[in-house]
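Here's query.pdb, which has PDB, C-alpha atoms, pLDDT in the B column:
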```pdb
MODEL        1
ATOM      1  CA  MET A  59       3.155  98.426  67.733  1.00 78.00           C
ATOM      2  CA  PRO A  60       5.963  96.085  66.559  1.00 89.00           C
ATOM      3  CA  THR A  61       9.033  95.612  68.708  1.00 91.00           C
ATOM      4  CA  ILE A  62      12.073  97.698  67.738  1.00 93.00           C
ATOM      5  CA  VAL A  63      14.947  95.225  67.477  1.00 96.00           C
ATOM      6  CA  HIS A  64      18.460  96.615  67.854  1.00 97.00           C
ATOM      7  CA  GLY A  65      20.107  93.715  66.038  1.00 97.00           C
ATOM      8  CA  PHE A  66      23.811  92.976  65.607  1.00 98.00           C
ATOM      9  CA  ASP A  67      24.611  89.744  63.748  1.00 95.00           C
ATOM     10  CA  TRP A  68      28.425  90.094  63.569  1.00 94.00           C
ATOM     11  CA  PRO A  69      29.220  93.226  65.582  1.00 97.00           C
ATOM     12  CA  ASP A  70      32.570  94.955  65.274  1.00 97.00           C
ATOM     13  CA  ARG A  71      32.510  95.270  69.049  1.00 98.00           C
ATOM     14  CA  LEU A  72      30.521  93.935  72.005  1.00 98.00           C
ATOM     15  CA  VAL A  73      31.547  94.933  75.531  1.00 98.00           C
ATOM     16  CA  ILE A  74      30.346  95.507  79.024  1.00 98.00           C
ATOM     17  CA  GLY A  75      31.867  98.646  80.480  1.00 97.00           C
ATOM     18  CA  THR A  76      31.357 101.118  83.288  1.00 96.00           C
ATOM     19  CA  ILE A  77      31.180 104.818  83.938  1.00 96.00           C
ATOM     20  CA  GLY A  78      32.044 106.187  87.371  1.00 92.00           C
ATOM     21  CA  MET A  79      34.211 105.262  90.312  1.00 87.00           C
ATOM     22  CA  PRO A  80      34.076 101.900  92.137  1.00 83.00           C
ATOM     23  CA  GLY A  81      31.155 101.952  94.522  1.00 81.00           C
ATOM     24  CA  SER A  82      29.086 104.176  92.237  1.00 86.00           C
ATOM     25  CA  ARG A  83      29.733 102.688  88.801  1.00 93.00           C
ATOM     26  CA  ALA A  84      27.033 102.428  86.167  1.00 97.00           C
ATOM     27  CA  PHE A  85      27.269  99.313  83.966  1.00 97.00           C
ATOM     28  CA  TYR A  86      26.448  99.209  80.259  1.00 98.00           C
ATOM     29  CA  LEU A  87      26.215  96.529  77.582  1.00 98.00           C
ATOM     30  CA  GLN A  88      27.317  98.128  74.320  1.00 98.00           C
ATOM     31  CA  ALA A  89      27.352  96.830  70.725  1.00 98.00           C
ATOM     32  CA  ARG A  90      28.840  98.541  67.682  1.00 98.00           C
ATOM     33  CA  THR A  91      28.920  97.917  63.961  1.00 98.00           C
ATOM     34  CA  GLY A  92      30.595 100.673  61.970  1.00 97.00           C
ATOM     35  CA  PRO A  93      29.295 104.016  63.238  1.00 97.00           C
ATOM     36  CA  ARG A  94      26.128 102.462  64.754  1.00 98.00           C
ATOM     37  CA  VAL A  95      26.383 102.077  68.548  1.00 98.00           C
ATOM     38  CA  VAL A  96      23.670 100.808  70.884  1.00 98.00           C
ATOM     39  CA  SER A  97      24.075 100.896  74.663  1.00 98.00           C
ATOM     40  CA  VAL A  98      21.753  99.505  77.321  1.00 98.00           C
ATOM     41  CA  SER A  99      22.038 100.013  81.073  1.00 98.00           C
ATOM     42  CA  ILE A 100      22.487  96.885  83.196  1.00 98.00           C
ATOM     43  CA  GLU A 101      23.058  96.053  86.839  1.00 96.00           C
ATOM     44  CA  LYS A 102      26.392  94.796  88.142  1.00 94.00           C
ATOM     45  CA  SER A 103      24.776  91.486  89.100  1.00 94.00           C
ATOM     46  CA  GLN A 104      23.485  91.080  85.535  1.00 97.00           C
ATOM     47  CA  ALA A 105      26.967  91.771  84.134  1.00 97.00           C
ATOM     48  CA  GLU A 106      28.446  89.188  86.496  1.00 95.00           C
ATOM     49  CA  ALA A 107      25.851  86.584  85.516  1.00 97.00           C
ATOM     50  CA  ILE A 108      26.379  87.204  81.788  1.00 97.00           C
ATOM     51  CA  GLY A 109      30.141  86.760  82.047  1.00 97.00           C
ATOM     52  CA  GLU A 110      29.843  83.554  84.067  1.00 97.00           C
ATOM     53  CA  LYS A 111      27.066  82.031  81.944  1.00 98.00           C
ATOM     54  CA  VAL A 112      28.793  82.802  78.619  1.00 97.00           C
ATOM     55  CA  ASP A 113      31.889  80.993  79.912  1.00 96.00           C
ATOM     56  CA  GLU A 114      29.716  78.054  81.083  1.00 97.00           C
ATOM     57  CA  ILE A 115      28.047  77.752  77.664  1.00 96.00           C
ATOM     58  CA  LEU A 116      31.402  77.860  75.872  1.00 97.00           C
ATOM     59  CA  ASP A 117      32.934  75.313  78.278  1.00 96.00           C
ATOM     60  CA  ALA A 118      29.992  72.963  77.663  1.00 95.00           C
ATOM     61  CA  LEU A 119      30.361  73.331  73.887  1.00 95.00           C
ATOM     62  CA  MET A 120      34.085  72.512  74.180  1.00 94.00           C
ATOM     63  CA  THR A 121      33.286  69.144  75.758  1.00 93.00           C
ATOM     64  CA  GLU A 122      31.402  67.885  72.708  1.00 90.00           C
ATOM     65  CA  ASP A 123      33.354  65.231  70.799  1.00 90.00           C
ATOM     66  CA  GLY A 124      36.180  66.859  68.894  1.00 87.00           C
ATOM     67  CA  ASN A 125      35.136  70.414  69.874  1.00 88.00           C
ATOM     68  CA  PRO A 126      33.139  70.762  66.608  1.00 88.00           C
ATOM     69  CA  PHE A 127      32.594  74.482  67.118  1.00 89.00           C
ATOM     70  CA  SER A 128      36.318  75.261  67.640  1.00 92.00           C
ATOM     71  CA  VAL A 129      35.637  76.915  70.986  1.00 93.00           C
ATOM     72  CA  PRO A 130      38.898  78.345  72.351  1.00 94.00           C
ATOM     73  CA  PRO A 131      39.728  77.510  75.990  1.00 94.00           C
ATOM     74  CA  GLN A 132      40.882  81.116  76.538  1.00 95.00           C
ATOM     75  CA  ALA A 133      40.193  84.460  74.879  1.00 95.00           C
ATOM     76  CA  PRO A 134      42.185  84.822  71.652  1.00 94.00           C
ATOM     77  CA  VAL A 135      44.736  87.622  72.212  1.00 95.00           C
ATOM     78  CA  GLU A 136      43.690  89.450  69.044  1.00 96.00           C
ATOM     79  CA  LEU A 137      40.079  89.665  70.291  1.00 96.00           C
ATOM     80  CA  ILE A 138      40.811  91.082  73.758  1.00 95.00           C
ATOM     81  CA  ASP A 139      39.276  94.554  74.066  1.00 96.00           C
ATOM     82  CA  ASN A 140      40.346  96.688  77.037  1.00 94.00           C
ATOM     83  CA  ASP A 141      39.199 100.035  75.627  1.00 96.00           C
ATOM     84  CA  GLY A 142      36.568 102.167  77.316  1.00 96.00           C
ATOM     85  CA  LEU A 143      32.987 102.451  76.165  1.00 97.00           C
ATOM     86  CA  ASP A 144      32.298 104.300  72.917  1.00 97.00           C
ATOM     87  CA  GLN A 145      31.224 107.834  73.783  1.00 96.00           C
ATOM     88  CA  PRO A 146      28.759 109.328  74.289  1.00 95.00           C
ATOM     89  CA  VAL A 147      26.957 106.566  76.194  1.00 97.00           C
ATOM     90  CA  GLU A 148      23.236 107.092  75.681  1.00 97.00           C
ATOM     91  CA  PRO A 149      21.352 103.982  76.837  1.00 97.00           C
ATOM     92  CA  GLU A 150      18.316 102.911  74.836  1.00 97.00           C
ATOM     93  CA  PHE A 151      16.761 101.300  77.929  1.00 97.00           C
ATOM     94  CA  ARG A 152      17.473  99.736  81.333  1.00 97.00           C
ATOM     95  CA  VAL A 153      17.653  95.958  81.027  1.00 97.00           C
ATOM     96  CA  GLY A 154      15.216  93.814  82.961  1.00 96.00           C
ATOM     97  CA  THR A 155      15.584  90.359  81.414  1.00 95.00           C
ATOM     98  CA  ILE A 156      18.550  88.846  79.589  1.00 97.00           C
ATOM     99  CA  SER A 157      18.596  85.542  77.750  1.00 97.00           C
ATOM    100  CA  LEU A 158      21.560  83.629  76.401  1.00 97.00           C
ATOM    101  CA  GLY A 159      21.404  80.946  73.754  1.00 96.00           C
ATOM    102  CA  TRP A 160      23.339  79.019  71.163  1.00 95.00           C
ATOM    103  CA  ASP A 161      22.500  79.032  67.444  1.00 95.00           C
ATOM    104  CA  PRO A 162      23.848  75.748  66.029  1.00 92.00           C
ATOM    105  CA  THR A 163      23.109  76.833  62.453  1.00 94.00           C
ATOM    106  CA  THR A 164      25.557  79.761  62.602  1.00 94.00           C
ATOM    107  CA  PHE A 165      27.787  78.585  65.504  1.00 93.00           C
ATOM    108  CA  GLN A 166      27.054  81.832  67.361  1.00 96.00           C
ATOM    109  CA  LEU A 167      26.200  82.735  70.917  1.00 97.00           C
ATOM    110  CA  VAL A 168      23.010  84.814  71.066  1.00 98.00           C
ATOM    111  CA  ILE A 169      22.437  87.493  73.714  1.00 98.00           C
ATOM    112  CA  GLU A 170      18.986  89.048  74.022  1.00 98.00           C
ATOM    113  CA  ALA A 171      18.285  91.959  76.381  1.00 97.00           C
ATOM    114  CA  TYR A 172      14.788  93.206  77.150  1.00 97.00           C
ATOM    115  CA  PRO A 173      13.777  96.424  78.924  1.00 96.00           C
ATOM    116  CA  LEU A 174      12.784  96.558  82.566  1.00 92.00           C
ATOM    117  CA  LEU A 175       8.983  96.481  82.608  1.00 84.00           C
ATOM    118  CA  ASP A 176       6.700  98.654  84.717  1.00 72.00           C
ATOM    119  CA  GLY A 177       6.184  96.883  88.022  1.00 62.00           C
ATOM    120  CA  GLU A 178       9.501  95.022  87.770  1.00 60.00           C
ATOM    121  CA  VAL A 179      12.213  95.836  90.248  1.00 55.00           C
ATOM    122  CA  GLU A 180      15.889  95.977  89.436  1.00 52.00           C
ATOM    123  CA  ALA A 181      18.091  93.002  90.279  1.00 48.00           C
ATOM    124  CA  GLY A 182      17.736  91.809  93.838  1.00 43.00           C
ATOM    125  CA  GLY A 183      14.289  93.255  94.554  1.00 41.00           C
ATOM    126  CA  ALA A 184      10.706  92.105  94.312  1.00 37.00           C
ATOM    127  CA  ALA A 185       7.920  93.582  92.231  1.00 39.00           C
ATOM    128  CA  ASP A 186       5.075  95.461  93.919  1.00 39.00           C
ATOM    129  CA  ASP A 187       2.415  94.394  91.435  1.00 40.00           C
ATOM    130  CA  GLU A 188       1.092  90.882  91.002  1.00 42.00           C
ATOM    131  CA  THR A 189       1.788  89.304  87.627  1.00 41.00           C
ATOM    132  CA  ASP A 190      -1.152  89.635  85.269  1.00 46.00           C
ATOM    133  CA  ALA A 191      -2.055  86.684  83.008  1.00 44.00           C
ATOM    134  CA  ASN A 192      -2.012  89.104  80.067  1.00 47.00           C
ATOM    135  CA  ASP A 193       1.705  89.877  80.695  1.00 49.00           C
ATOM    136  CA  GLU A 194       2.576  86.669  78.816  1.00 53.00           C
ATOM    137  CA  LEU A 195       1.233  88.296  75.647  1.00 59.00           C
ATOM    138  CA  PHE A 196       3.175  91.511  76.193  1.00 69.00           C
ATOM    139  CA  GLU A 197       5.607  92.468  73.461  1.00 84.00           C
ATOM    140  CA  PRO A 198       8.437  94.755  74.539  1.00 89.00           C
ATOM    141  CA  ALA A 199       8.743  98.135  72.861  1.00 91.00           C
ATOM    142  CA  GLU A 200      12.368  97.321  72.021  1.00 95.00           C
ATOM    143  CA  MET A 201      15.080  94.748  72.547  1.00 97.00           C
ATOM    144  CA  LEU A 202      18.777  94.207  71.865  1.00 98.00           C
ATOM    145  CA  VAL A 203      19.828  91.029  70.015  1.00 98.00           C
ATOM    146  CA  VAL A 204      23.523  90.310  69.488  1.00 98.00           C
ATOM    147  CA  ARG A 205      25.022  87.249  67.775  1.00 98.00           C
ATOM    148  CA  ILE A 206      28.736  86.616  68.268  1.00 98.00           C
ATOM    149  CA  PRO A 207      31.146  83.830  67.271  1.00 97.00           C
ATOM    150  CA  VAL A 208      32.817  81.690  69.931  1.00 97.00           C
ATOM    151  CA  GLY A 209      36.179  83.516  70.032  1.00 96.00           C
ATOM    152  CA  THR A 210      34.484  86.872  70.460  1.00 97.00           C
ATOM    153  CA  ALA A 211      32.206  85.352  73.112  1.00 97.00           C
ATOM    154  CA  ARG A 212      35.204  84.057  75.086  1.00 97.00           C
ATOM    155  CA  ALA A 213      36.905  87.496  74.955  1.00 97.00           C
ATOM    156  CA  PHE A 214      33.596  89.173  75.918  1.00 98.00           C
ATOM    157  CA  ALA A 215      33.210  86.884  78.955  1.00 97.00           C
ATOM    158  CA  GLN A 216      36.800  87.459  80.083  1.00 97.00           C
ATOM    159  CA  ARG A 217      36.469  91.246  79.868  1.00 97.00           C
ATOM    160  CA  THR A 218      33.103  91.169  81.640  1.00 97.00           C
ATOM    161  CA  ILE A 219      34.448  89.134  84.558  1.00 95.00           C
ATOM    162  CA  GLU A 220      37.438  91.499  84.838  1.00 95.00           C
ATOM    163  CA  ILE A 221      35.217  94.619  84.750  1.00 95.00           C
ATOM    164  CA  VAL A 222      32.942  93.262  87.480  1.00 93.00           C
ATOM    165  CA  GLY A 223      35.941  92.289  89.610  1.00 88.00           C
ATOM    166  CA  ALA A 224      37.550  95.727  89.274  1.00 85.00           C
ATOM    167  CA  GLY A 225      35.231  97.297  91.828  1.00 76.00           C
ATOM    168  CA  ARG A 226      35.881  98.054  95.467  1.00 74.00           C
ATOM    169  CA  PRO A 227      38.090  95.582  97.327  1.00 75.00           C
ATOM    170  CA  LEU A 228      36.284  93.122  99.583  1.00 76.00           C
ATOM    171  CA  CYS A 229      36.877  92.960 103.325  1.00 79.00           C
ATOM    172  CA  PRO A 230      38.825  89.765 104.112  1.00 81.00           C
ATOM    173  CA  LEU A 231      36.792  89.280 107.306  1.00 81.00           C
ATOM    174  CA  CYS A 232      33.181  89.938 106.327  1.00 81.00           C
ATOM    175  CA  GLY A 233      33.327  89.966 102.515  1.00 75.00           C
ATOM    176  CA  ALA A 234      31.535  93.317 102.197  1.00 75.00           C
ATOM    177  CA  PRO A 235      32.891  95.974  99.786  1.00 75.00           C
ATOM    178  CA  MET A 236      35.238  98.449 101.455  1.00 74.00           C
ATOM    179  CA  ASP A 237      34.880 102.172 100.721  1.00 75.00           C
ATOM    180  CA  PRO A 238      37.973 104.377 100.265  1.00 71.00           C
ATOM    181  CA  ASP A 239      36.896 106.480 103.252  1.00 73.00           C
ATOM    182  CA  GLY A 240      36.570 103.539 105.654  1.00 70.00           C
ATOM    183  CA  HIS A 241      34.741 100.320 106.434  1.00 76.00           C
ATOM    184  CA  VAL A 242      32.816  99.137 109.470  1.00 80.00           C
ATOM    185  CA  CYS A 243      33.322  95.387 109.465  1.00 82.00           C
ATOM    186  CA  ALA A 244      30.241  93.398 110.400  1.00 72.00           C
ATOM    187  CA  SER A 245      32.371  90.525 111.684  1.00 69.00           C
ATOM    188  CA  LEU A 246      33.917  92.829 114.334  1.00 68.00           C
ATOM    189  CA  ASP A 247      30.415  93.582 115.678  1.00 60.00           C
ATOM    190  CA  GLU A 248      29.889  89.850 116.266  1.00 58.00           C
ATOM    191  CA  ALA A 249      33.104  89.446 118.291  1.00 51.00           C
TER     192      ALA A 249
ENDMDL
END
```
Full structure transcribed into structure tokens:
Amino acid sequence: MPTIVHGFDWPDRLVIGTIGMPGSRAFYLQARTGPRVVSVSIEKSQAEAIGEKVDEILDALMTEDGNPFSVPPQAPVELIDNDGLDQPVEPEFRVGTISLGWDPTTFQLVIEAYPLLDGEVEAGGAADDETDANDELFEPAEMLVVRIPVGTARAFAQRTIEIVGAGRPLCPLCGAPMDPDGHVCASLDEA
């Protein structure tokens, strides 16, 4: 069966947003063009990596002689999007693998998100099953492909980094997230 591609070549909106309170937030990557909205569920660590890597790609493109792609050093004010996710949020799939790339023919950043496969474990874990040689030939049932220009990419990265950083405050001693109802600091146990 052919892969269903949720494609957005010049989306009206591309954001990472959350639902829930810090400490129990669910993260989503969401693209919209007109009335069409596609959301996929991602892990916080994936959101953090996307934001950082998009900025790294844009910074590298800026260093090319004369900045031929007109990459802005900061998010253009008119592209900053601080609104919540479009509702209702109904994820198409939970993301397993994300790839980022640059299309020099259109001067666009390309984000591809693939579903978590059976046997894969969410970010930070290890799979139970051994990788099968036939997995290389596996085509996903669906995927999200979004192409965005450099200004939109810079605003997307800025928002993503802010969203990730808006979670629970970190303990200044041990660096672990602190809950509103208290925190047992690991560094105090060592003293």
I want to know what sits within 10 Å of Pro235 in chain A, based on all atoms listed in the file, with residues of the same chain fewer than 4 positions away left out; could you give that as a list in words?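 Contacts, with the query itself left out: Pro80, Gly81, Gly225, Arg226, Pro227, Leu228, Cys229, Pro230, His241 and Cys243 of chain A.
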Report as AutoDock Vina command-line options the centre and the edge lengths, in Å to one decimal, of the axis-aligned box holding every listed atom of range 219-231 of chain A, padded by 4 Å on each side.
```
--center_x 35.9 --center_y 93.6 --center_z 95.9 --size_x 13.9 --size_y 16.9 --size_z 30.7
```
Distance CA of Leu137 in chain A-CA of Thr155 in chain A, one decimal place?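 For CA of Leu137 in chain A relative to CA of Thr155 in chain A, the distance reads 26.9 Å.
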Do you know which residues the PyMOL selection byres ((chain A and resi 112-128) around 9) returns on this file, as a PDB file with C-alpha atoms, in the frame of the given file?
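Output saved as expr.pdb:
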```
ATOM      1  CA  ALA A 107      25.851  86.584  85.516  1.00 97.00           C
ATOM      2  CA  ILE A 108      26.379  87.204  81.788  1.00 97.00           C
ATOM      3  CA  GLY A 109      30.141  86.760  82.047  1.00 97.00           C
ATOM      4  CA  GLU A 110      29.843  83.554  84.067  1.00 97.00           C
ATOM      5  CA  LYS A 111      27.066  82.031  81.944  1.00 98.00           C
ATOM      6  CA  VAL A 129      35.637  76.915  70.986  1.00 93.00           C
ATOM      7  CA  PRO A 130      38.898  78.345  72.351  1.00 94.00           C
ATOM      8  CA  PRO A 131      39.728  77.510  75.990  1.00 94.00           C
ATOM      9  CA  LEU A 158      21.560  83.629  76.401  1.00 97.00           C
ATOM     10  CA  GLY A 159      21.404  80.946  73.754  1.00 96.00           C
ATOM     11  CA  TRP A 160      23.339  79.019  71.163  1.00 95.00           C
ATOM     12  CA  PRO A 162      23.848  75.748  66.029  1.00 92.00           C
ATOM     13  CA  PHE A 165      27.787  78.585  65.504  1.00 93.00           C
ATOM     14  CA  LEU A 167      26.200  82.735  70.917  1.00 97.00           C
ATOM     15  CA  VAL A 208      32.817  81.690  69.931  1.00 97.00           C
ATOM     16  CA  GLY A 209      36.179  83.516  70.032  1.00 96.00           C
ATOM     17  CA  ALA A 211      32.206  85.352  73.112  1.00 97.00           C
ATOM     18  CA  ARG A 212      35.204  84.057  75.086  1.00 97.00           C
ATOM     19  CA  PHE A 214      33.596  89.173  75.918  1.00 98.00           C
ATOM     20  CA  ALA A 215      33.210  86.884  78.955  1.00 97.00           C
ATOM     21  CA  GLN A 216      36.800  87.459  80.083  1.00 97.00           C
TER      22      GLN A 216
END
```
Selection result for the PyMOL selection byres ((chain A and resi 153) around 8) on this file, as a PyMOL selection string: chain A and resi 98-101+151-152+154-156+171-174
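Shortest atom-to-atom contact with Gly75 in chain A among A:Leu143, A:Ile169, A:Ile206, A:Val63: A:Leu143, counting all atoms listed in the file.
Between Gly223 in chain A and the residues A:Asp176, A:Asp67, A:Glu106, A:Asp139, the shortest atom-to-atom distance, using all atoms listed in the file, involves A:Glu106.
Rounded to one decimal, CA of Ser157 in chain A and CA of Leu87 in chain A lie 13.4 Å from each other.
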Atom pair CA of Tyr86 in chain A / CA of Pro60 in chain A: separation (Å):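 These two atoms are separated by 24.8 Å.
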With all atoms listed in the file as the basis for distance, which of A:Gln88, A:Gln145, A:Thr218, A:Asn140 is at the shortest distance from Lys102 in chain A? A:Thr218
Quick one: residues within 12 Å of (38.7, 99.6, 69.4) (file frame), counting all atoms listed in the file, please, as a PyMOL selection string. chain A and resi 70-73+89-92+136-145
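Using all atoms listed in the file, the shortest contact distance between Ile221 in chain A and any of A:Leu175, A:Val168, A:Ala234, A:Ile77 is found at A:Ile77.
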Taking N, CA and C atoms as the atom set, what does range 148-176 of chain A look like once completed, written as a PDB file, in the frame of the given file?
```pdb
ATOM      1  N   GLU A 148      24.646 106.689  75.579  1.00 97.00           N
ATOM      2  CA  GLU A 148      23.236 107.092  75.681  1.00 97.00           C
ATOM      3  C   GLU A 148      22.389 105.825  75.641  1.00 97.00           C
ATOM      4  N   PRO A 149      22.062 105.261  76.818  1.00 97.00           N
ATOM      5  CA  PRO A 149      21.352 103.982  76.837  1.00 97.00           C
ATOM      6  C   PRO A 149      19.964 104.062  76.216  1.00 97.00           C
ATOM      7  N   GLU A 150      19.644 103.030  75.449  1.00 97.00           N
ATOM      8  CA  GLU A 150      18.316 102.911  74.836  1.00 97.00           C
ATOM      9  C   GLU A 150      17.273 102.552  75.889  1.00 97.00           C
ATOM     10  N   PHE A 151      17.676 101.707  76.862  1.00 97.00           N
ATOM     11  CA  PHE A 151      16.761 101.300  77.929  1.00 97.00           C
ATOM     12  C   PHE A 151      17.561 100.649  79.048  1.00 97.00           C
ATOM     13  N   ARG A 152      16.904 100.474  80.201  1.00 97.00           N
ATOM     14  CA  ARG A 152      17.473  99.736  81.333  1.00 97.00           C
ATOM     15  C   ARG A 152      17.013  98.292  81.179  1.00 97.00           C
ATOM     16  N   VAL A 153      17.946  97.370  81.260  1.00 97.00           N
ATOM     17  CA  VAL A 153      17.653  95.958  81.027  1.00 97.00           C
ATOM     18  C   VAL A 153      16.960  95.335  82.236  1.00 97.00           C
ATOM     19  N   GLY A 154      15.910  94.585  81.946  1.00 96.00           N
ATOM     20  CA  GLY A 154      15.216  93.814  82.961  1.00 96.00           C
ATOM     21  C   GLY A 154      15.569  92.338  82.841  1.00 96.00           C
ATOM     22  N   THR A 155      15.362  91.779  81.656  1.00 95.00           N
ATOM     23  CA  THR A 155      15.584  90.359  81.414  1.00 95.00           C
ATOM     24  C   THR A 155      16.645  90.177  80.339  1.00 95.00           C
ATOM     25  N   ILE A 156      17.516  89.191  80.562  1.00 97.00           N
ATOM     26  CA  ILE A 156      18.550  88.846  79.589  1.00 97.00           C
ATOM     27  C   ILE A 156      18.441  87.356  79.330  1.00 97.00           C
ATOM     28  N   SER A 157      18.544  86.972  78.054  1.00 97.00           N
ATOM     29  CA  SER A 157      18.596  85.542  77.750  1.00 97.00           C
ATOM     30  C   SER A 157      19.839  85.262  76.921  1.00 97.00           C
ATOM     31  N   LEU A 158      20.396  84.088  77.145  1.00 97.00           N
ATOM     32  CA  LEU A 158      21.560  83.629  76.401  1.00 97.00           C
ATOM     33  C   LEU A 158      21.181  82.343  75.694  1.00 97.00           C
ATOM     34  N   GLY A 159      21.692  82.171  74.489  1.00 96.00           N
ATOM     35  CA  GLY A 159      21.404  80.946  73.754  1.00 96.00           C
ATOM     36  C   GLY A 159      22.513  80.623  72.774  1.00 96.00           C
ATOM     37  N   TRP A 160      22.374  79.484  72.144  1.00 95.00           N
ATOM     38  CA  TRP A 160      23.339  79.019  71.163  1.00 95.00           C
ATOM     39  C   TRP A 160      22.600  78.735  69.872  1.00 95.00           C
ATOM     40  N   ASP A 161      23.092  79.281  68.754  1.00 95.00           N
ATOM     41  CA  ASP A 161      22.500  79.032  67.444  1.00 95.00           C
ATOM     42  C   ASP A 161      23.396  78.037  66.712  1.00 95.00           C
ATOM     43  N   PRO A 162      22.998  76.760  66.652  1.00 92.00           N
ATOM     44  CA  PRO A 162      23.848  75.748  66.029  1.00 92.00           C
ATOM     45  C   PRO A 162      23.951  75.893  64.513  1.00 92.00           C
ATOM     46  N   THR A 163      23.044  76.658  63.906  1.00 94.00           N
ATOM     47  CA  THR A 163      23.109  76.833  62.453  1.00 94.00           C
ATOM     48  C   THR A 163      24.193  77.821  62.038  1.00 94.00           C
ATOM     49  N   THR A 164      24.524  78.771  62.928  1.00 94.00           N
ATOM     50  CA  THR A 164      25.557  79.761  62.602  1.00 94.00           C
ATOM     51  C   THR A 164      26.771  79.657  63.522  1.00 94.00           C
ATOM     52  N   PHE A 165      26.722  78.745  64.506  1.00 93.00           N
ATOM     53  CA  PHE A 165      27.787  78.585  65.504  1.00 93.00           C
ATOM     54  C   PHE A 165      28.023  79.901  66.235  1.00 93.00           C
ATOM     55  N   GLN A 166      26.952  80.553  66.648  1.00 96.00           N
ATOM     56  CA  GLN A 166      27.054  81.832  67.361  1.00 96.00           C
ATOM     57  C   GLN A 166      26.309  81.777  68.686  1.00 96.00           C
ATOM     58  N   LEU A 167      26.872  82.500  69.654  1.00 97.00           N
ATOM     59  CA  LEU A 167      26.200  82.735  70.917  1.00 97.00           C
ATOM     60  C   LEU A 167      25.225  83.887  70.696  1.00 97.00           C
ATOM     61  N   VAL A 168      24.031  83.788  71.239  1.00 98.00           N
ATOM     62  CA  VAL A 168      23.010  84.814  71.066  1.00 98.00           C
ATOM     63  C   VAL A 168      22.681  85.422  72.427  1.00 98.00           C
ATOM     64  N   ILE A 169      22.790  86.751  72.498  1.00 98.00           N
ATOM     65  CA  ILE A 169      22.437  87.493  73.714  1.00 98.00           C
ATOM     66  C   ILE A 169      21.238  88.359  73.391  1.00 98.00           C
ATOM     67  N   GLU A 170      20.175  88.217  74.182  1.00 98.00           N
ATOM     68  CA  GLU A 170      18.986  89.048  74.022  1.00 98.00           C
ATOM     69  C   GLU A 170      18.761  89.809  75.322  1.00 98.00           C
ATOM     70  N   ALA A 171      18.545  91.113  75.210  1.00 97.00           N
ATOM     71  CA  ALA A 171      18.285  91.959  76.381  1.00 97.00           C
ATOM     72  C   ALA A 171      16.963  92.678  76.174  1.00 97.00           C
ATOM     73  N   TYR A 172      16.119  92.605  77.198  1.00 97.00           N
ATOM     74  CA  TYR A 172      14.788  93.206  77.150  1.00 97.00           C
ATOM     75  C   TYR A 172      14.686  94.297  78.206  1.00 97.00           C
ATOM     76  N   PRO A 173      13.889  95.336  77.944  1.00 96.00           N
ATOM     77  CA  PRO A 173      13.777  96.424  78.924  1.00 96.00           C
ATOM     78  C   PRO A 173      13.081  95.999  80.216  1.00 96.00           C
ATOM     79  N   LEU A 174      13.443  96.700  81.274  1.00 92.00           N
ATOM     80  CA  LEU A 174      12.784  96.558  82.566  1.00 92.00           C
ATOM     81  C   LEU A 174      11.334  96.995  82.370  1.00 92.00           C
ATOM     82  N   LEU A 175      10.405  96.169  82.788  1.00 84.00           N
ATOM     83  CA  LEU A 175       8.983  96.481  82.608  1.00 84.00           C
ATOM     84  C   LEU A 175       8.447  97.244  83.806  1.00 84.00           C
ATOM     85  N   ASP A 176       7.378  97.985  83.601  1.00 72.00           N
ATOM     86  CA  ASP A 176       6.700  98.654  84.717  1.00 72.00           C
ATOM     87  C   ASP A 176       6.288  97.590  85.721  1.00 72.00           C
TER      88      ASP A 176
END
```
